[in-house]
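Have a look at my_file.pdb below; it lists PDB, C-alpha atoms and all ligand atoms.
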ATOM      1  CA  MET P   1       0.000   0.000   0.000  1.00  0.00           C
ATOM      2  CA  LYS P   2       1.298   3.466  -0.871  1.00  0.00           C
ATOM      3  CA  THR P   3       1.898   5.653   2.167  1.00  0.00           C
ATOM      4  CA  THR P   4       2.501   9.351   2.575  1.00  0.00           C
ATOM      5  CA  PRO P   5       5.774  10.019   4.400  1.00  0.00           C
ATOM      6  CA  CYS P   6       5.841  11.556   7.850  1.00  0.00           C
ATOM      7  CA  VAL P   7       7.346  15.034   7.618  1.00  0.00           C
ATOM      8  CA  GLY P   8       7.356  15.652  11.360  1.00  0.00           C
ATOM      9  CA  CYS P   9       4.725  18.393  11.341  1.00  0.00           C
ATOM     10  CA  GLY P  10       3.517  17.308  14.806  1.00  0.00           C
ATOM     11  CA  TYR P  11      -0.185  17.459  13.963  1.00  0.00           C
ATOM     12  CA  CYS P  12      -1.063  13.958  15.157  1.00  0.00           C
ATOM     13  CA  CYS P  13       0.752  14.271  18.488  1.00  0.00           C
ATOM     14  CA  VAL P  14      -0.546  17.755  19.228  1.00  0.00           C
ATOM     15  CA  LYS P  15      -4.130  16.773  18.509  1.00  0.00           C
ATOM     16  CA  VAL P  16      -4.115  13.538  20.502  1.00  0.00           C
ATOM     17  CA  THR P  17      -1.583  12.087  22.926  1.00  0.00           C
ATOM     18  CA  CYS P  18      -1.093   8.432  22.022  1.00  0.00           C
ATOM     19  CA  THR P  19      -1.420   5.620  24.546  1.00  0.00           C
ATOM     20  CA  ALA P  20       2.378   5.355  24.845  1.00  0.00           C
ATOM     21  CA  GLY P  21       2.574   9.073  25.628  1.00  0.00           C
ATOM     22  CA  ILE P  22      -0.132   8.769  28.257  1.00  0.00           C
ATOM     23  CA  GLU P  23       1.504   5.729  29.846  1.00  0.00           C
ATOM     24  CA  LYS P  24       5.006   7.194  29.722  1.00  0.00           C
ATOM     25  CA  PHE P  25       4.480  10.801  30.688  1.00  0.00           C
ATOM     26  CA  GLY P  26       1.123  10.654  32.440  1.00  0.00           C
ATOM     27  CA  VAL P  27       0.747  14.404  32.541  1.00  0.00           C
ATOM     28  CA  ASN P  28      -2.184  16.636  31.822  1.00  0.00           C
ATOM     29  CA  LYS P  29      -0.351  18.758  29.343  1.00  0.00           C
ATOM     30  CA  LYS P  30      -0.800  19.390  25.692  1.00  0.00           C
ATOM     31  CA  PRO P  31       0.983  18.714  23.487  1.00  0.00           C
ATOM     32  CA  CYS P  32       2.462  15.427  24.618  1.00  0.00           C
ATOM     33  CA  GLN P  33       5.725  15.882  26.513  1.00  0.00           C
ATOM     34  CA  GLY P  34       7.347  13.369  24.191  1.00  0.00           C
ATOM     35  CA  LEU P  35       7.089  15.739  21.244  1.00  0.00           C
ATOM     36  CA  ILE P  36      10.276  17.674  20.558  1.00  0.00           C
ATOM     37  CA  TRP P  37      11.273  20.137  17.871  1.00  0.00           C
ATOM     38  CA  ASN P  38      14.639  19.911  16.137  1.00  0.00           C
ATOM     39  CA  ASP P  39      15.841  23.122  14.493  1.00  0.00           C
ATOM     40  CA  LYS P  40      18.520  21.367  12.492  1.00  0.00           C
ATOM     41  CA  ASP P  41      16.097  18.912  10.926  1.00  0.00           C
ATOM     42  CA  GLY P  42      13.287  21.448  10.737  1.00  0.00           C
ATOM     43  CA  ARG P  43      10.807  18.962  12.114  1.00  0.00           C
ATOM     44  CA  HIS P  44       9.412  17.293  15.233  1.00  0.00           C
ATOM     45  CA  TRP P  45      10.443  13.942  16.623  1.00  0.00           C
ATOM     46  CA  CYS P  46       9.058  11.727  19.345  1.00  0.00           C
ATOM     47  CA  LYS P  47      11.748  11.458  21.993  1.00  0.00           C
ATOM     48  CA  LEU P  48      10.632   7.955  22.912  1.00  0.00           C
ATOM     49  CA  GLY P  49      12.052   6.721  19.611  1.00  0.00           C
ATOM     50  CA  ILE P  50      15.417   8.486  19.756  1.00  0.00           C
ATOM     51  CA  GLY P  51      18.520   6.459  20.516  1.00  0.00           C
ATOM     52  CA  ASN P  52      19.888   3.003  20.009  1.00  0.00           C
ATOM     53  CA  ASP P  53      18.857   1.383  23.237  1.00  0.00           C
ATOM     54  CA  GLN P  54      16.235  -1.304  23.596  1.00  0.00           C
ATOM     55  CA  ALA P  55      13.530   1.134  24.702  1.00  0.00           C
ATOM     56  CA  ALA P  56      14.002   3.349  21.644  1.00  0.00           C
ATOM     57  CA  HIS P  57      13.836   0.304  19.349  1.00  0.00           C
ATOM     58  CA  PHE P  58      10.687  -0.831  21.121  1.00  0.00           C
ATOM     59  CA  TYR P  59       8.936   2.511  20.752  1.00  0.00           C
ATOM     60  CA  ARG P  60       9.981   2.930  17.109  1.00  0.00           C
ATOM     61  CA  ASN P  61       8.343  -0.399  16.429  1.00  0.00           C
ATOM     62  CA  TYR P  62       5.361   0.134  18.728  1.00  0.00           C
ATOM     63  CA  LEU P  63       4.568   3.570  17.287  1.00  0.00           C
ATOM     64  CA  HIS P  64       5.294   2.530  13.693  1.00  0.00           C
ATOM     65  CA  MET P  65       7.808   5.287  13.251  1.00  0.00           C
ATOM     66  CA  GLY P  66       8.905   5.471   9.652  1.00  0.00           C
ATOM     67  CA  ALA P  67       5.716   3.785   8.420  1.00  0.00           C
ATOM     68  CA  GLY P  68       4.204   6.975   7.022  1.00  0.00           C
ATOM     69  CA  CYS P  69       1.788   9.699   7.996  1.00  0.00           C
ATOM     70  CA  SER P  70      -1.262   8.713  10.037  1.00  0.00           C
ATOM     71  CA  SER P  71      -3.068  12.045   9.665  1.00  0.00           C
ATOM     72  CA  THR P  72      -3.108  13.431   6.165  1.00  0.00           C
ATOM     73  CA  LEU P  73      -6.786  14.373   6.027  1.00  0.00           C
ATOM     74  CA  PHE P  74      -7.492  18.087   6.565  1.00  0.00           C
ATOM     75  CA  ASN P  75      -3.952  18.481   7.873  1.00  0.00           C
ATOM     76  CA  ASP P  76      -2.478  21.724   6.559  1.00  0.00           C
ATOM     77  CA  TRP P  77       0.427  21.539   9.053  1.00  0.00           C
ATOM     78  CA  ARG P  78       2.212  19.197   6.663  1.00  0.00           C
ATOM     79  CA  THR P  79       2.864  22.155   4.380  1.00  0.00           C
ATOM     80  CA  ASN P  80       3.541  24.593   7.222  1.00  0.00           C
ATOM     81  CA  ILE P  81       6.085  22.827   9.371  1.00  0.00           C
ATOM     82  CA  ARG P  82       7.189  24.825  12.385  1.00  0.00           C
ATOM     83  CA  ASP P  83       7.704  24.373  16.103  1.00  0.00           C
ATOM     84  CA  ARG P  84       4.317  23.527  17.608  1.00  0.00           C
ATOM     85  CA  THR P  85       5.591  22.483  21.021  1.00  0.00           C
ATOM     86  CA  LYS P  86       5.427  25.889  22.694  1.00  0.00           C
ATOM     87  CA  SER P  87       2.405  27.649  21.287  1.00  0.00           C
ATOM     88  CA  VAL P  88      -0.049  25.077  22.565  1.00  0.00           C
ATOM     89  CA  SER P  89       1.677  23.992  25.759  1.00  0.00           C
ATOM     90  CA  GLN P  90      -1.070  25.259  28.033  1.00  0.00           C
ATOM     91  CA  PRO P  91      -2.107  22.784  30.701  1.00  0.00           C
ATOM     92  CA  THR P  92      -5.357  21.109  29.936  1.00  0.00           C
ATOM     93  CA  SER P  93      -7.513  18.682  31.828  1.00  0.00           C
ATOM     94  CA  VAL P  94      -7.970  16.550  28.749  1.00  0.00           C
ATOM     95  CA  ILE P  95      -5.093  14.401  27.504  1.00  0.00           C
ATOM     96  CA  SER P  96      -7.152  11.970  25.526  1.00  0.00           C
ATOM     97  CA  PRO P  97     -10.753  12.230  24.377  1.00  0.00           C
ATOM     98  CA  ILE P  98     -11.248   8.546  25.220  1.00  0.00           C
ATOM     99  CA  PRO P  99     -11.562   7.443  28.877  1.00  0.00           C
ATOM    100  CA  PRO P 100      -8.721   5.107  30.001  1.00  0.00           C
ATOM    101  CA  ILE P 101     -11.000   2.085  30.399  1.00  0.00           C
ATOM    102  CA  MET P 102     -12.214   2.465  26.816  1.00  0.00           C
ATOM    103  CA  GLN P 103      -8.618   2.808  25.650  1.00  0.00           C
ATOM    104  CA  VAL P 104      -7.899  -0.599  27.166  1.00  0.00           C
ATOM    105  CA  PHE P 105     -10.995  -2.023  25.474  1.00  0.00           C
ATOM    106  CA  LEU P 106      -9.947  -0.576  22.119  1.00  0.00           C
ATOM    107  CA  LYS P 107      -6.461  -1.986  22.583  1.00  0.00           C
ATOM    108  CA  CYS P 108      -7.933  -5.480  23.071  1.00  0.00           C
ATOM    109  CA  LEU P 109     -10.347  -5.054  20.166  1.00  0.00           C
ATOM    110  CA  ALA P 110      -7.560  -3.888  17.877  1.00  0.00           C
ATOM    111  CA  LYS P 111      -5.692  -7.154  18.491  1.00  0.00           C
ATOM    112  CA  GLN P 112      -8.599  -9.097  16.970  1.00  0.00           C
ATOM    113  CA  PHE P 113      -9.142  -9.582  13.287  1.00  0.00           C
ATOM    114  CA  VAL P 114     -11.214  -6.540  12.360  1.00  0.00           C
ATOM    115  CA  SER P 115     -11.267  -5.952   8.612  1.00  0.00           C
ATOM    116  CA  PRO P 116     -10.790  -2.460   7.130  1.00  0.00           C
ATOM    117  CA  ASP P 117     -14.390  -2.584   5.850  1.00  0.00           C
ATOM    118  CA  VAL P 118     -15.802  -3.282   9.296  1.00  0.00           C
ATOM    119  CA  LEU P 119     -13.677  -0.556  10.836  1.00  0.00           C
ATOM    120  CA  TYR P 120     -14.620   1.933   8.123  1.00  0.00           C
ATOM    121  CA  ASN P 121     -18.352   1.193   8.345  1.00  0.00           C
ATOM    122  CA  THR P 122     -18.250   1.378  12.130  1.00  0.00           C
ATOM    123  CA  LEU P 123     -16.565   4.776  12.018  1.00  0.00           C
ATOM    124  CA  VAL P 124     -19.082   6.084   9.473  1.00  0.00           C
ATOM    125  CA  ASP P 125     -21.951   4.880  11.649  1.00  0.00           C
ATOM    126  CA  PHE P 126     -20.251   6.222  14.766  1.00  0.00           C
ATOM    127  CA  LYS P 127     -19.883   9.635  13.130  1.00  0.00           C
ATOM    128  CA  ARG P 128     -23.558   9.624  12.192  1.00  0.00           C
ATOM    129  CA  GLU P 129     -24.579   8.782  15.756  1.00  0.00           C
ATOM    130  CA  MET P 130     -22.207  11.371  17.193  1.00  0.00           C
ATOM    131  CA  SER P 131     -23.680  14.085  14.965  1.00  0.00           C
ATOM    132  CA  ARG P 132     -26.932  13.593  16.898  1.00  0.00           C
ATOM    133  CA  THR P 133     -25.199  14.385  20.188  1.00  0.00           C
ATOM    134  CA  GLU P 134     -23.824  17.545  21.741  1.00  0.00           C
ATOM    135  CA  ILE P 135     -20.266  16.526  20.958  1.00  0.00           C
ATOM    136  CA  GLY P 136     -18.753  18.943  18.470  1.00  0.00           C
ATOM    137  CA  GLU P 137     -16.991  18.096  15.226  1.00  0.00           C
ATOM    138  CA  GLU P 138     -13.515  18.896  16.552  1.00  0.00           C
ATOM    139  CA  LYS P 139     -13.952  16.568  19.508  1.00  0.00           C
ATOM    140  CA  TYR P 140     -15.288  13.848  17.234  1.00  0.00           C
ATOM    141  CA  GLU P 141     -12.221  14.189  14.992  1.00  0.00           C
ATOM    142  CA  GLN P 142      -9.963  13.755  18.026  1.00  0.00           C
ATOM    143  CA  ILE P 143     -11.844  10.641  19.060  1.00  0.00           C
ATOM    144  CA  GLU P 144     -11.685   9.190  15.559  1.00  0.00           C
ATOM    145  CA  LEU P 145      -7.970   9.907  15.319  1.00  0.00           C
ATOM    146  CA  GLU P 146      -7.350   8.174  18.635  1.00  0.00           C
ATOM    147  CA  ILE P 147      -9.403   5.127  17.607  1.00  0.00           C
ATOM    148  CA  LYS P 148      -7.451   4.823  14.347  1.00  0.00           C
ATOM    149  CA  ARG P 149      -4.184   5.251  16.158  1.00  0.00           C
ATOM    150  CA  CYS P 150      -5.105   2.638  18.728  1.00  0.00           C
ATOM    151  CA  PHE P 151      -5.905   0.151  15.970  1.00  0.00           C
ATOM    152  CA  ASP P 152      -2.745   1.033  14.120  1.00  0.00           C
ATOM    153  CA  GLN P 153      -0.567   0.499  17.170  1.00  0.00           C
ATOM    154  CA  ASN P 154      -2.103  -2.713  18.395  1.00  0.00           C
ATOM    155  CA  ARG P 155      -3.042  -4.822  15.430  1.00  0.00           C
ATOM    156  CA  GLN P 156      -1.026  -7.950  14.808  1.00  0.00           C
ATOM    157  CA  SER P 157       1.736  -7.932  12.202  1.00  0.00           C
ATOM    158  CA  PHE P 158      -0.063 -10.317   9.838  1.00  0.00           C
ATOM    159  CA  MET P 159      -3.026  -7.942   9.883  1.00  0.00           C
ATOM    160  CA  LYS P 160      -0.834  -4.968   9.041  1.00  0.00           C
ATOM    161  CA  GLU P 161       0.070  -6.702   5.793  1.00  0.00           C
ATOM    162  CA  PHE P 162      -3.586  -7.435   5.180  1.00  0.00           C
ATOM    163  CA  PHE P 163      -4.490  -3.794   5.773  1.00  0.00           C
TER     164      PHE P 163
HETATM  165  S1  LIG Y   1       4.191   9.523  19.341  1.00  0.00           S
HETATM  166 FE1  LIG Y   1       5.542  10.297  20.948  1.00  0.00          FE
HETATM  167  S2  LIG Y   1       5.292  12.524  20.906  1.00  0.00           S
HETATM  168 FE2  LIG Y   1       3.586  11.633  19.769  1.00  0.00          FE
HETATM  169  S3  LIG Y   1       1.911  11.485  21.252  1.00  0.00           S
HETATM  170 FE3  LIG Y   1       3.011   9.510  21.238  1.00  0.00          FE
HETATM  171  S4  LIG Y   1       4.573   9.653  22.846  1.00  0.00           S
HETATM  172 FE4  LIG Y   1       3.837  11.727  22.401  1.00  0.00          FE
HETATM  173  S1  LIG Y   2       0.671  14.287  11.148  1.00  0.00           S
HETATM  174 FE1  LIG Y   2       1.751  12.916   9.756  1.00  0.00          FE
HETATM  175  S2  LIG Y   2       3.528  14.097   9.030  1.00  0.00           S
HETATM  176 FE2  LIG Y   2       2.740  15.104  10.850  1.00  0.00          FE
HETATM  177  S3  LIG Y   2       3.969  14.218  12.526  1.00  0.00           S
HETATM  178 FE3  LIG Y   2       2.063  13.039  12.399  1.00  0.00          FE
HETATM  179  S4  LIG Y   2       2.576  11.307  11.079  1.00  0.00           S
HETATM  180 FE4  LIG Y   2       4.192  12.833  10.773  1.00  0.00          FE
END

Please go through the file and, once you have read it, give me the structure as structure tokens.
Ligand code: SF4
Ligand code: SF4
Amino acid sequence: MKTTPCVGCGYCCVKVTCTAGIEKFGVNKKPCQGLIWNDKDGRHWCKLGIGNDQAAHFYRNYLHMGAGCSSTLFNDWRTNIRDRTKSVSQPTSVISPIPPIMQVFLKCLAKQFVSPDVLYNTLVDFKREMSRTEIGEEKYEQIELEIKRCFDQNRQSFMKEFF
């Protein structure tokens, strides 16, 4: 499958802290404290994946670093890459739009064989149901992004090839 390369714009990590970020840093700050800006490279990196030790290898694999961009839709940051770590570093009470117990459930679900069609149809239906609630579009997009990311991080390797 053709993928769009990650250019380090930081959009995905600023919008939603991934489960690794929540587990590792456990802070109510946005963006994730793992996100760092590198002037020399002119892009962001996740500090969990930097280095040659076992932990860095683990996180590079776990977070699919180098596998392409996970958030291309409606993302104009890709063409306006600049340091996003300071401008939005205000403390916030929300680090993930999904409650921790549901994150664990999603993690377990993502390990099962769920076809792209089922996932797609579920998200379409979910969006339709959400549009009938008070939850705004921006919040919905954050939830959808986190669901996709959870599936991406937890599905089995044979399923990644299938996807
Ligand atoms: S990938 Fe790294 S920087 Fe991005 S949200 Fe996860 S832990 Fe934070
Ligand atoms: S939104 Fe895409 S290009 Fe930007 S940091 Fe995330 S994966 Fe990389």

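Going from atom CA of P:Cys69 to atom CA of P:Asp152 covers 11.5 Å.
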
Need to verify the contact set: P:Glu146, 10 Å, all atoms listed in the file, exclusion of same-chain residues closer than 2 positions in sequence. Can you return it as a PyMOL selection string? chain P and resi 12+15-19+96-98+103+106+140-144+148-152

Can you list every residue of chain P that has an atom at most 12 Å from ligand LIG 1 (chain Y), with its nearest atom pair and the distance in Å to one decimal, using all atoms listed in the file, ordered by chain then number, as a tab-separated table?
residue	atom	partner	partner_atom	distance
P:Cys6	CA	Y:LIG1	S1	11.8
P:Gly8	CA	Y:LIG1	FE2	10.1
P:Cys9	CA	Y:LIG1	FE2	10.9
P:Gly10	CA	Y:LIG1	FE2	7.5
P:Tyr11	CA	Y:LIG1	FE2	9.0
P:Cys12	CA	Y:LIG1	FE2	6.9
P:Cys13	CA	Y:LIG1	FE2	4.1
P:Val14	CA	Y:LIG1	S3	7.0
P:Lys15	CA	Y:LIG1	S3	8.5
P:Val16	CA	Y:LIG1	S3	6.4
P:Thr17	CA	Y:LIG1	S3	3.9
P:Cys18	CA	Y:LIG1	FE3	4.3
P:Thr19	CA	Y:LIG1	FE3	6.8
P:Ala20	CA	Y:LIG1	S4	5.2
P:Gly21	CA	Y:LIG1	S4	3.5
P:Ile22	CA	Y:LIG1	S4	7.2
P:Glu23	CA	Y:LIG1	S4	8.6
P:Lys24	CA	Y:LIG1	S4	7.3
P:Phe25	CA	Y:LIG1	S4	7.9
P:Gly26	CA	Y:LIG1	S4	10.2
P:Val27	CA	Y:LIG1	FE4	10.9
P:Lys29	CA	Y:LIG1	FE4	10.7
P:Lys30	CA	Y:LIG1	S3	9.5
P:Pro31	CA	Y:LIG1	S3	7.6
P:Cys32	CA	Y:LIG1	FE4	4.5
P:Gln33	CA	Y:LIG1	FE4	6.1
P:Gly34	CA	Y:LIG1	S2	4.0
P:Leu35	CA	Y:LIG1	S2	3.7
P:Ile36	CA	Y:LIG1	S2	7.2
P:Trp37	CA	Y:LIG1	S2	10.1
P:His44	CA	Y:LIG1	S2	8.5
P:Trp45	CA	Y:LIG1	S2	6.8
P:Cys46	CA	Y:LIG1	FE1	4.1
P:Lys47	CA	Y:LIG1	FE1	6.4
P:Leu48	CA	Y:LIG1	FE1	5.9
P:Gly49	CA	Y:LIG1	FE1	7.5
P:Ile50	CA	Y:LIG1	FE1	10.1
P:Ala56	CA	Y:LIG1	FE1	11.0
P:Tyr59	CA	Y:LIG1	FE1	8.5
P:Arg60	CA	Y:LIG1	S1	9.1
P:Asn61	CA	Y:LIG1	S1	11.1
P:Tyr62	CA	Y:LIG1	S1	9.5
P:Leu63	CA	Y:LIG1	S1	6.3
P:His64	CA	Y:LIG1	S1	9.1
P:Met65	CA	Y:LIG1	S1	8.3
P:Gly66	CA	Y:LIG1	S1	11.5
P:Cys69	CA	Y:LIG1	S1	11.6
P:Ser70	CA	Y:LIG1	S1	10.8
P:Arg84	CA	Y:LIG1	S2	11.5
P:Thr85	CA	Y:LIG1	S2	10.0
P:Ile95	CA	Y:LIG1	S3	9.8
P:Ser96	CA	Y:LIG1	S3	10.0
P:Leu145	CA	Y:LIG1	S3	11.6
P:Glu146	CA	Y:LIG1	S3	10.2
P:Arg149	CA	Y:LIG1	FE3	9.8
P:Cys150	CA	Y:LIG1	FE3	10.9
P:Gln153	CA	Y:LIG1	S1	10.4

Output file for the residues above (C-alpha atoms, as a compact mmCIF listing (two decimals), keeping the file's coordinate frame):
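Saved result, selection_18.txt, follows:
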# COMPACT_ATOMS: atom_id res chain seq x y z
CA CYS P 6 5.84 11.56 7.85
CA GLY P 8 7.36 15.65 11.36
CA CYS P 9 4.72 18.39 11.34
CA GLY P 10 3.52 17.31 14.81
CA TYR P 11 -0.18 17.46 13.96
CA CYS P 12 -1.06 13.96 15.16
CA CYS P 13 0.75 14.27 18.49
CA VAL P 14 -0.55 17.76 19.23
CA LYS P 15 -4.13 16.77 18.51
CA VAL P 16 -4.12 13.54 20.50
CA THR P 17 -1.58 12.09 22.93
CA CYS P 18 -1.09 8.43 22.02
CA THR P 19 -1.42 5.62 24.55
CA ALA P 20 2.38 5.36 24.84
CA GLY P 21 2.57 9.07 25.63
CA ILE P 22 -0.13 8.77 28.26
CA GLU P 23 1.50 5.73 29.85
CA LYS P 24 5.01 7.19 29.72
CA PHE P 25 4.48 10.80 30.69
CA GLY P 26 1.12 10.65 32.44
CA VAL P 27 0.75 14.40 32.54
CA LYS P 29 -0.35 18.76 29.34
CA LYS P 30 -0.80 19.39 25.69
CA PRO P 31 0.98 18.71 23.49
CA CYS P 32 2.46 15.43 24.62
CA GLN P 33 5.72 15.88 26.51
CA GLY P 34 7.35 13.37 24.19
CA LEU P 35 7.09 15.74 21.24
CA ILE P 36 10.28 17.67 20.56
CA TRP P 37 11.27 20.14 17.87
CA HIS P 44 9.41 17.29 15.23
CA TRP P 45 10.44 13.94 16.62
CA CYS P 46 9.06 11.73 19.34
CA LYS P 47 11.75 11.46 21.99
CA LEU P 48 10.63 7.96 22.91
CA GLY P 49 12.05 6.72 19.61
CA ILE P 50 15.42 8.49 19.76
CA ALA P 56 14.00 3.35 21.64
CA TYR P 59 8.94 2.51 20.75
CA ARG P 60 9.98 2.93 17.11
CA ASN P 61 8.34 -0.40 16.43
CA TYR P 62 5.36 0.13 18.73
CA LEU P 63 4.57 3.57 17.29
CA HIS P 64 5.29 2.53 13.69
CA MET P 65 7.81 5.29 13.25
CA GLY P 66 8.90 5.47 9.65
CA CYS P 69 1.79 9.70 8.00
CA SER P 70 -1.26 8.71 10.04
CA ARG P 84 4.32 23.53 17.61
CA THR P 85 5.59 22.48 21.02
CA ILE P 95 -5.09 14.40 27.50
CA SER P 96 -7.15 11.97 25.53
CA LEU P 145 -7.97 9.91 15.32
CA GLU P 146 -7.35 8.17 18.64
CA ARG P 149 -4.18 5.25 16.16
CA CYS P 150 -5.11 2.64 18.73
CA GLN P 153 -0.57 0.50 17.17

Centre, x/y/z edge lengths, axis-aligned box for ligand LIG 2 (chain Y) with 3 Å per side, as JSON:
{"center_x": 2.4, "center_y": 13.2, "center_z": 10.8, "size_x": 9.5, "size_y": 9.8, "size_z": 9.5}

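Across P:Gly42, P:Pro5, P:Pro116, P:Gly51, the tightest approach to ligand LIG 2 (chain Y) is made by P:Pro5 when counting all atoms listed in the file.
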
Shortest contact to ligand LIG 2 (chain Y), candidates P:Thr122, P:Ser131, P:Thr79, P:Thr72, atoms counted only C-alpha atoms and all ligand atoms, goes to P:Thr72

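For the choices P:Ala67, P:Ile147, P:Ala55, P:Leu119, the atom-to-atom distance to ligand LIG 2 (chain Y) is smallest for P:Ala67 when using all atoms listed in the file.
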
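The shortest atom-to-atom distance to ligand LIG 2 (chain Y), with all atoms listed in the file taken into account, belongs to P:Ser71 out of P:Phe126, P:Phe58, P:Asp76, P:Ser71.
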
Could you tell me how far atom CA of P:Val7 lies from atom CA of P:Leu73, in Å and to one decimal? 14.2 Å
